[in-house]
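For reference, model_19.pdb (PDB, C-alpha atoms, pLDDT in the B column):
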```
ATOM      1  CA  MET A   1      27.575  15.630  49.098  1.00 64.00           C
ATOM      2  CA  THR A   2      29.321  15.398  45.728  1.00 86.00           C
ATOM      3  CA  LEU A   3      27.417  12.221  44.882  1.00 85.00           C
ATOM      4  CA  LEU A   4      24.111  13.873  45.790  1.00 87.00           C
ATOM      5  CA  ARG A   5      24.931  16.922  43.663  1.00 88.00           C
ATOM      6  CA  ALA A   6      25.899  14.691  40.705  1.00 88.00           C
ATOM      7  CA  SER A   7      22.676  12.681  41.085  1.00 90.00           C
ATOM      8  CA  ILE A   8      20.554  15.840  41.098  1.00 92.00           C
ATOM      9  CA  ARG A   9      22.341  17.141  37.989  1.00 92.00           C
ATOM     10  CA  ALA A  10      21.825  13.786  36.253  1.00 93.00           C
ATOM     11  CA  LEU A  11      18.110  13.819  37.112  1.00 93.00           C
ATOM     12  CA  CYS A  12      17.753  17.431  35.894  1.00 94.00           C
ATOM     13  CA  LEU A  13      19.564  16.570  32.669  1.00 94.00           C
ATOM     14  CA  THR A  14      17.344  13.507  32.148  1.00 95.00           C
ATOM     15  CA  ALA A  15      14.174  15.544  32.796  1.00 94.00           C
ATOM     16  CA  GLY A  16      15.377  18.314  30.466  1.00 94.00           C
ATOM     17  CA  LEU A  17      16.194  15.887  27.654  1.00 93.00           C
ATOM     18  CA  TRP A  18      12.853  14.124  28.152  1.00 94.00           C
ATOM     19  CA  LEU A  19      11.033  17.466  27.933  1.00 92.00           C
ATOM     20  CA  LEU A  20      12.985  18.393  24.799  1.00 92.00           C
ATOM     21  CA  THR A  21      12.525  15.083  22.960  1.00 92.00           C
ATOM     22  CA  VAL A  22       8.987  14.196  24.102  1.00 91.00           C
ATOM     23  CA  VAL A  23       7.261  17.600  24.202  1.00 88.00           C
ATOM     24  CA  ILE A  24       9.186  20.530  22.743  1.00 90.00           C
ATOM     25  CA  TYR A  25      10.421  18.838  19.534  1.00 90.00           C
ATOM     26  CA  PRO A  26       7.337  16.703  18.613  1.00 89.00           C
ATOM     27  CA  LEU A  27       4.675  19.330  19.419  1.00 89.00           C
ATOM     28  CA  PRO A  28       5.516  21.738  16.549  1.00 89.00           C
ATOM     29  CA  LEU A  29       5.808  18.769  14.173  1.00 87.00           C
ATOM     30  CA  LEU A  30       2.385  17.546  15.271  1.00 87.00           C
ATOM     31  CA  LEU A  31       0.847  21.002  14.825  1.00 88.00           C
ATOM     32  CA  VAL A  32       2.400  21.499  11.378  1.00 87.00           C
ATOM     33  CA  GLY A  33       1.396  17.993  10.276  1.00 84.00           C
ATOM     34  CA  GLN A  34      -2.198  18.330  11.449  1.00 86.00           C
ATOM     35  CA  GLY A  35      -2.471  21.911  10.179  1.00 87.00           C
ATOM     36  CA  LEU A  36      -0.922  21.565   6.719  1.00 88.00           C
ATOM     37  CA  PHE A  37      -1.174  17.848   5.924  1.00 84.00           C
ATOM     38  CA  PRO A  38      -4.020  16.336   7.994  1.00 83.00           C
ATOM     39  CA  ALA A  39      -4.829  13.472   5.598  1.00 79.00           C
ATOM     40  CA  GLN A  40      -1.212  12.319   5.375  1.00 80.00           C
ATOM     41  CA  ALA A  41      -0.574  12.814   9.097  1.00 78.00           C
ATOM     42  CA  ASN A  42      -3.536  10.570   9.910  1.00 78.00           C
ATOM     43  CA  GLY A  43      -2.535   7.672   7.655  1.00 78.00           C
ATOM     44  CA  SER A  44      -4.017   8.615   4.230  1.00 80.00           C
ATOM     45  CA  LEU A  45      -7.237   6.810   5.137  1.00 80.00           C
ATOM     46  CA  LEU A  46      -9.790   6.198   2.389  1.00 81.00           C
ATOM     47  CA  ARG A  47     -13.490   6.312   3.269  1.00 80.00           C
ATOM     48  CA  VAL A  48     -16.683   5.174   1.592  1.00 81.00           C
ATOM     49  CA  ASP A  49     -19.929   6.585   3.008  1.00 81.00           C
ATOM     50  CA  GLY A  50     -17.988   7.790   6.055  1.00 79.00           C
ATOM     51  CA  ALA A  51     -16.524   4.371   6.892  1.00 82.00           C
ATOM     52  CA  VAL A  52     -12.776   3.749   6.657  1.00 82.00           C
ATOM     53  CA  VAL A  53     -12.092   1.064   4.031  1.00 79.00           C
ATOM     54  CA  GLY A  54      -8.311   1.195   4.062  1.00 80.00           C
ATOM     55  CA  SER A  55      -5.243   3.337   3.632  1.00 81.00           C
ATOM     56  CA  ALA A  56      -3.789   4.542   0.352  1.00 80.00           C
ATOM     57  CA  LEU A  57      -0.386   3.587   1.782  1.00 82.00           C
ATOM     58  CA  ILE A  58      -1.051  -0.093   2.561  1.00 81.00           C
ATOM     59  CA  GLY A  59      -1.734  -2.823   0.008  1.00 81.00           C
ATOM     60  CA  GLN A  60      -4.809  -4.981   0.542  1.00 81.00           C
ATOM     61  CA  PRO A  61      -5.704  -8.375  -0.859  1.00 80.00           C
ATOM     62  CA  PHE A  62      -8.494  -8.651  -3.433  1.00 82.00           C
ATOM     63  CA  ALA A  63      -9.523 -12.221  -4.235  1.00 79.00           C
ATOM     64  CA  SER A  64     -12.585 -11.627  -6.417  1.00 84.00           C
ATOM     65  CA  PRO A  65     -12.128 -11.544 -10.217  1.00 85.00           C
ATOM     66  CA  ARG A  66     -14.351  -8.419 -10.125  1.00 88.00           C
ATOM     67  CA  TYR A  67     -11.381  -6.429  -8.780  1.00 89.00           C
ATOM     68  CA  PHE A  68      -7.859  -5.522  -9.825  1.00 90.00           C
ATOM     69  CA  HIS A  69      -5.251  -7.447  -7.851  1.00 88.00           C
ATOM     70  CA  GLY A  70      -2.157  -5.981  -6.228  1.00 86.00           C
ATOM     71  CA  ARG A  71       1.279  -7.379  -5.661  1.00 86.00           C
ATOM     72  CA  PRO A  72       1.768 -10.650  -3.785  1.00 82.00           C
ATOM     73  CA  SER A  73       2.498 -10.109  -0.122  1.00 75.00           C
ATOM     74  CA  ALA A  74       4.496 -11.895   2.537  1.00 67.00           C
ATOM     75  CA  ALA A  75       1.993 -10.555   5.088  1.00 64.00           C
ATOM     76  CA  ASP A  76      -0.584 -13.021   6.386  1.00 58.00           C
ATOM     77  CA  TYR A  77      -4.062 -11.585   5.827  1.00 59.00           C
ATOM     78  CA  SER A  78      -5.854 -14.852   6.581  1.00 56.00           C
ATOM     79  CA  THR A  79      -6.053 -14.466  10.361  1.00 54.00           C
ATOM     80  CA  GLY A  80      -8.385 -11.451  10.221  1.00 55.00           C
ATOM     81  CA  LYS A  81      -6.856 -10.213  13.477  1.00 54.00           C
ATOM     82  CA  GLY A  82      -5.628  -6.659  13.080  1.00 53.00           C
ATOM     83  CA  ALA A  83      -3.342  -5.263  10.451  1.00 55.00           C
ATOM     84  CA  PRO A  84      -0.626  -7.445   8.932  1.00 55.00           C
ATOM     85  CA  THR A  85       2.952  -6.711   9.852  1.00 58.00           C
ATOM     86  CA  SER A  86       5.236  -5.104   7.322  1.00 60.00           C
ATOM     87  CA  SER A  87       7.876  -7.649   6.473  1.00 61.00           C
ATOM     88  CA  PRO A  88       9.431  -9.251   3.421  1.00 64.00           C
ATOM     89  CA  SER A  89       9.631 -13.002   3.099  1.00 67.00           C
ATOM     90  CA  ASN A  90      13.453 -12.916   3.379  1.00 74.00           C
ATOM     91  CA  LEU A  91      13.653 -15.701   0.792  1.00 75.00           C
ATOM     92  CA  GLY A  92      16.821 -15.413  -1.269  1.00 78.00           C
ATOM     93  CA  PRO A  93      17.012 -15.974  -5.038  1.00 81.00           C
ATOM     94  CA  THR A  94      18.422 -19.480  -4.568  1.00 86.00           C
ATOM     95  CA  ASN A  95      15.738 -20.554  -2.084  1.00 84.00           C
ATOM     96  CA  PRO A  96      13.409 -23.179  -3.615  1.00 89.00           C
ATOM     97  CA  ALA A  97      10.476 -21.833  -1.547  1.00 85.00           C
ATOM     98  CA  LEU A  98      10.699 -18.515  -3.408  1.00 83.00           C
ATOM     99  CA  ALA A  99      10.691 -20.270  -6.776  1.00 86.00           C
ATOM    100  CA  GLU A 100       7.661 -22.336  -5.690  1.00 88.00           C
ATOM    101  CA  ARG A 101       5.777 -19.223  -4.532  1.00 84.00           C
ATOM    102  CA  ILE A 102       6.479 -17.432  -7.818  1.00 85.00           C
ATOM    103  CA  ALA A 103       5.461 -20.511  -9.828  1.00 88.00           C
ATOM    104  CA  ALA A 104       2.202 -20.750  -7.843  1.00 87.00           C
ATOM    105  CA  SER A 105       1.488 -17.056  -8.513  1.00 84.00           C
ATOM    106  CA  ALA A 106       2.248 -17.556 -12.215  1.00 87.00           C
ATOM    107  CA  ARG A 107      -0.143 -20.550 -12.381  1.00 88.00           C
ATOM    108  CA  GLN A 108      -2.882 -18.577 -10.647  1.00 84.00           C
ATOM    109  CA  LEU A 109      -2.429 -15.666 -13.054  1.00 83.00           C
ATOM    110  CA  ARG A 110      -2.319 -18.026 -16.035  1.00 84.00           C
ATOM    111  CA  ASP A 111      -5.632 -19.529 -14.882  1.00 81.00           C
ATOM    112  CA  ALA A 112      -7.001 -15.963 -14.786  1.00 77.00           C
ATOM    113  CA  GLY A 113      -5.931 -15.460 -18.408  1.00 78.00           C
ATOM    114  CA  LEU A 114      -2.526 -13.749 -17.981  1.00 81.00           C
ATOM    115  CA  ASP A 115       0.094 -15.761 -19.842  1.00 80.00           C
ATOM    116  CA  ARG A 116       2.931 -13.261 -19.438  1.00 87.00           C
ATOM    117  CA  PRO A 117       2.143 -11.244 -16.289  1.00 88.00           C
ATOM    118  CA  ALA A 118       4.022  -8.086 -15.376  1.00 87.00           C
ATOM    119  CA  PRO A 119       6.816  -8.787 -12.864  1.00 87.00           C
ATOM    120  CA  ASP A 120       5.075  -6.850 -10.085  1.00 86.00           C
ATOM    121  CA  LEU A 121       2.198  -9.348 -10.205  1.00 86.00           C
ATOM    122  CA  LEU A 122       4.688 -12.144  -9.436  1.00 85.00           C
ATOM    123  CA  TYR A 123       7.143 -10.565  -7.005  1.00 83.00           C
ATOM    124  CA  ALA A 124       6.370  -9.032  -3.606  1.00 79.00           C
ATOM    125  CA  SER A 125       7.746  -5.637  -2.682  1.00 77.00           C
ATOM    126  CA  GLY A 126      10.376  -5.184   0.016  1.00 72.00           C
ATOM    127  CA  SER A 127       7.801  -4.274   2.670  1.00 73.00           C
ATOM    128  CA  GLY A 128       5.222  -6.796   1.489  1.00 72.00           C
ATOM    129  CA  LEU A 129       2.559  -4.069   1.722  1.00 79.00           C
ATOM    130  CA  ASP A 130       3.091  -2.003  -1.436  1.00 83.00           C
ATOM    131  CA  PRO A 131      -0.291  -0.521  -2.510  1.00 88.00           C
ATOM    132  CA  HIS A 132       0.805   0.124  -6.103  1.00 89.00           C
ATOM    133  CA  ILE A 133       1.207  -1.854  -9.297  1.00 91.00           C
ATOM    134  CA  SER A 134       2.609  -0.726 -12.614  1.00 91.00           C
ATOM    135  CA  PRO A 135       0.257   0.608 -15.302  1.00 94.00           C
ATOM    136  CA  LEU A 136       1.205  -2.491 -17.358  1.00 93.00           C
ATOM    137  CA  ALA A 137       0.045  -4.810 -14.544  1.00 91.00           C
ATOM    138  CA  ALA A 138      -3.245  -2.895 -14.308  1.00 92.00           C
ATOM    139  CA  ARG A 139      -3.811  -2.974 -18.088  1.00 92.00           C
ATOM    140  CA  GLN A 140      -3.150  -6.716 -18.157  1.00 91.00           C
ATOM    141  CA  GLN A 141      -6.065  -7.247 -15.762  1.00 90.00           C
ATOM    142  CA  ILE A 142      -8.597  -5.086 -17.639  1.00 89.00           C
ATOM    143  CA  TYR A 143     -10.206  -7.825 -19.745  1.00 88.00           C
ATOM    144  CA  GLY A 144     -10.585 -10.240 -16.823  1.00 88.00           C
ATOM    145  CA  VAL A 145     -12.233  -7.577 -14.625  1.00 88.00           C
ATOM    146  CA  ALA A 146     -14.400  -6.389 -17.535  1.00 89.00           C
ATOM    147  CA  ASN A 147     -15.623  -9.970 -18.157  1.00 88.00           C
ATOM    148  CA  ALA A 148     -16.310 -10.568 -14.446  1.00 86.00           C
ATOM    149  CA  ARG A 149     -18.288  -7.332 -14.144  1.00 87.00           C
ATOM    150  CA  GLY A 150     -19.921  -7.362 -17.550  1.00 86.00           C
ATOM    151  CA  ILE A 151     -18.703  -3.865 -18.428  1.00 87.00           C
ATOM    152  CA  SER A 152     -16.651  -2.552 -21.330  1.00 88.00           C
ATOM    153  CA  ALA A 153     -12.886  -2.789 -21.381  1.00 87.00           C
ATOM    154  CA  GLY A 154     -12.794   0.803 -22.640  1.00 89.00           C
ATOM    155  CA  GLN A 155     -14.414   2.039 -19.433  1.00 89.00           C
ATOM    156  CA  LEU A 156     -11.784   0.214 -17.383  1.00 90.00           C
ATOM    157  CA  GLU A 157      -8.969   1.551 -19.557  1.00 92.00           C
ATOM    158  CA  ARG A 158     -10.186   5.088 -18.805  1.00 91.00           C
ATOM    159  CA  LEU A 159     -10.297   4.314 -15.068  1.00 91.00           C
ATOM    160  CA  VAL A 160      -6.749   2.934 -15.158  1.00 91.00           C
ATOM    161  CA  ARG A 161      -5.511   6.038 -17.002  1.00 92.00           C
ATOM    162  CA  GLN A 162      -7.293   8.328 -14.514  1.00 91.00           C
ATOM    163  CA  HIS A 163      -5.716   6.520 -11.572  1.00 90.00           C
ATOM    164  CA  THR A 164      -2.180   6.292 -12.936  1.00 91.00           C
ATOM    165  CA  GLU A 165       0.107   8.439 -10.804  1.00 90.00           C
ATOM    166  CA  GLY A 166       3.169   9.950 -12.478  1.00 88.00           C
ATOM    167  CA  ARG A 167       6.716  10.221 -11.219  1.00 88.00           C
ATOM    168  CA  PHE A 168       7.234  12.269  -8.055  1.00 86.00           C
ATOM    169  CA  LEU A 169       8.351  15.766  -9.110  1.00 87.00           C
ATOM    170  CA  GLY A 170       8.399  14.403 -12.653  1.00 83.00           C
ATOM    171  CA  ILE A 171      11.702  12.558 -12.173  1.00 86.00           C
ATOM    172  CA  VAL A 172      11.608  10.258  -9.125  1.00 88.00           C
ATOM    173  CA  GLY A 173      10.231   6.721  -9.325  1.00 85.00           C
ATOM    174  CA  GLU A 174       8.023   5.144 -11.955  1.00 89.00           C
ATOM    175  CA  PRO A 175       4.380   5.644 -12.958  1.00 92.00           C
ATOM    176  CA  ARG A 176       2.116   3.556 -10.723  1.00 91.00           C
ATOM    177  CA  VAL A 177      -1.513   2.701  -9.989  1.00 93.00           C
ATOM    178  CA  ASN A 178      -2.902   2.573  -6.455  1.00 92.00           C
ATOM    179  CA  VAL A 179      -4.953  -0.656  -6.436  1.00 91.00           C
ATOM    180  CA  LEU A 180      -7.319   0.278  -3.596  1.00 91.00           C
ATOM    181  CA  ARG A 181      -8.153   3.670  -5.117  1.00 91.00           C
ATOM    182  CA  LEU A 182      -8.703   2.052  -8.513  1.00 92.00           C
ATOM    183  CA  ASN A 183     -11.010  -0.604  -7.051  1.00 91.00           C
ATOM    184  CA  LEU A 184     -12.979   2.004  -5.085  1.00 91.00           C
ATOM    185  CA  ALA A 185     -13.435   4.015  -8.287  1.00 90.00           C
ATOM    186  CA  LEU A 186     -14.487   0.807 -10.033  1.00 89.00           C
ATOM    187  CA  ASP A 187     -17.164   0.189  -7.379  1.00 86.00           C
ATOM    188  CA  ALA A 188     -18.340   3.794  -7.630  1.00 85.00           C
ATOM    189  CA  ALA A 189     -18.605   3.619 -11.438  1.00 80.00           C
ATOM    190  CA  ALA A 190     -20.099   0.139 -11.780  1.00 65.00           C
ATOM    191  CA  THR A 191     -23.380  -1.328 -10.665  1.00 49.00           C
ATOM    192  CA  GLY A 192     -23.937  -4.606  -8.924  1.00 46.00           C
ATOM    193  CA  PRO A 193     -23.089  -5.882  -5.457  1.00 47.00           C
ATOM    194  CA  PRO A 194     -19.439  -5.457  -4.443  1.00 48.00           C
ATOM    195  CA  GLY A 195     -17.557  -8.524  -3.259  1.00 49.00           C
ATOM    196  CA  ARG A 196     -13.925  -8.637  -2.286  1.00 49.00           C
TER     197      ARG A 196
END
```
In structure tokens, write the structure found in this file.
Amino acid sequence: MTLLRASIRALCLTAGLWLLTVVIYPLPLLLVGQGLFPAQANGSLLRVDGAVVGSALIGQPFASPRYFHGRPSAADYSTGKGAPTSSPSNLGPTNPALAERIAASARQLRDAGLDRPAPDLLYASGSGLDPHISPLAARQQIYGVANARGISAGQLERLVRQHTEGRFLGIVGEPRVNVLRLNLALDAAATGPPGR
């Protein structure tokens, strides 16, 4: 009888904790999130003509010289199967593979006309999916994008300034540029067929 009573109490405790952690606690959070912050709660999705083109929180690769490029990523975008996983390369500073990857990025940027690229154009972020670059990295790409699109560098400088986000609360972090938002604004402002 004691074992049966203990089993019933354990089951009641399990059911109560499940109800608390699966329903009672998350439901108000869901309602507040959807009510006050629907865009953020749903992934900060960016849309063009009603179609989702990406998230402002996830970096995306841009291969065309007509677009600004983001940070290198350890994520594999080449498969085309679903979203890439968030993971760093885990290569340490003494690993020759890291030095080779950075040298390859530097060569690619040098071929694109950047002799002394900003560090964030050479080094991946910790998650490998950072959507931002520094304003310096964006400014360094202005002339290449302007030449590829046949538009003025001044127009691109204005776009970069408009899309530079300041420090959070004025003190936390560094100024940054969201690459996807900048490229979407570039497509909206420029003429000609887009091509990633």
>> Residues within 12 Å of Gln40 of chain A, please, as a list in words. Count only C-alpha atoms; anything in the same chain fewer than 5 positions from it doesn't count.
In response: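 Near Gln40 of chain A, the qualifying residues are Leu30, Val32, Gly33, Gln34, Gly35, Leu45, Leu46, Ser55, Ala56 and Leu57 of chain A.
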> Evaluating the PyMOL selection byres ((chain A and resi 159-163) around 9) on the displayed file yields which residues, as a ChimeraX atom specification?
Replying inline: /A:135,138-139,142,154-158,164-165,176-179,181-182,185-186
> Do you know which residues the PyMOL selection byres ((chain A and resi 71) around 12) returns on this file, as a PyMOL selection string?
Replying inline: chain A and resi 58-63+68-70+72-75+102+105+109+117-134+137-138+177-180
> What is the distance between atom CA of Gly144 of chain A and atom CA of Leu114 of chain A, in Å to one decimal?
Replying inline: 8.9 Å
With a distance cut-off of 10 Å and all atoms listed in the file, select the neighbouring residues of Ala112 of chain A, excluding the residue or stretch itself and same-chain residues fewer than 2 positions from it, and output the selection as a PDB file with C-alpha atoms, keeping the file's coordinate frame.
```pdb
ATOM      1  CA  PRO A  65     -12.128 -11.544 -10.217  1.00 85.00           C
ATOM      2  CA  ALA A 106       2.248 -17.556 -12.215  1.00 87.00           C
ATOM      3  CA  ARG A 107      -0.143 -20.550 -12.381  1.00 88.00           C
ATOM      4  CA  GLN A 108      -2.882 -18.577 -10.647  1.00 84.00           C
ATOM      5  CA  LEU A 109      -2.429 -15.666 -13.054  1.00 83.00           C
ATOM      6  CA  ARG A 110      -2.319 -18.026 -16.035  1.00 84.00           C
ATOM      7  CA  LEU A 114      -2.526 -13.749 -17.981  1.00 81.00           C
ATOM      8  CA  ASP A 115       0.094 -15.761 -19.842  1.00 80.00           C
ATOM      9  CA  GLN A 141      -6.065  -7.247 -15.762  1.00 90.00           C
ATOM     10  CA  GLY A 144     -10.585 -10.240 -16.823  1.00 88.00           C
ATOM     11  CA  VAL A 145     -12.233  -7.577 -14.625  1.00 88.00           C
TER      12      VAL A 145
END
```
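When all atoms listed in the file are used to compute distances to Ala146 of chain A, the closest of the residues A:Leu27, A:Asp49, A:Ala10, A:Arg66 turns out to be A:Arg66.
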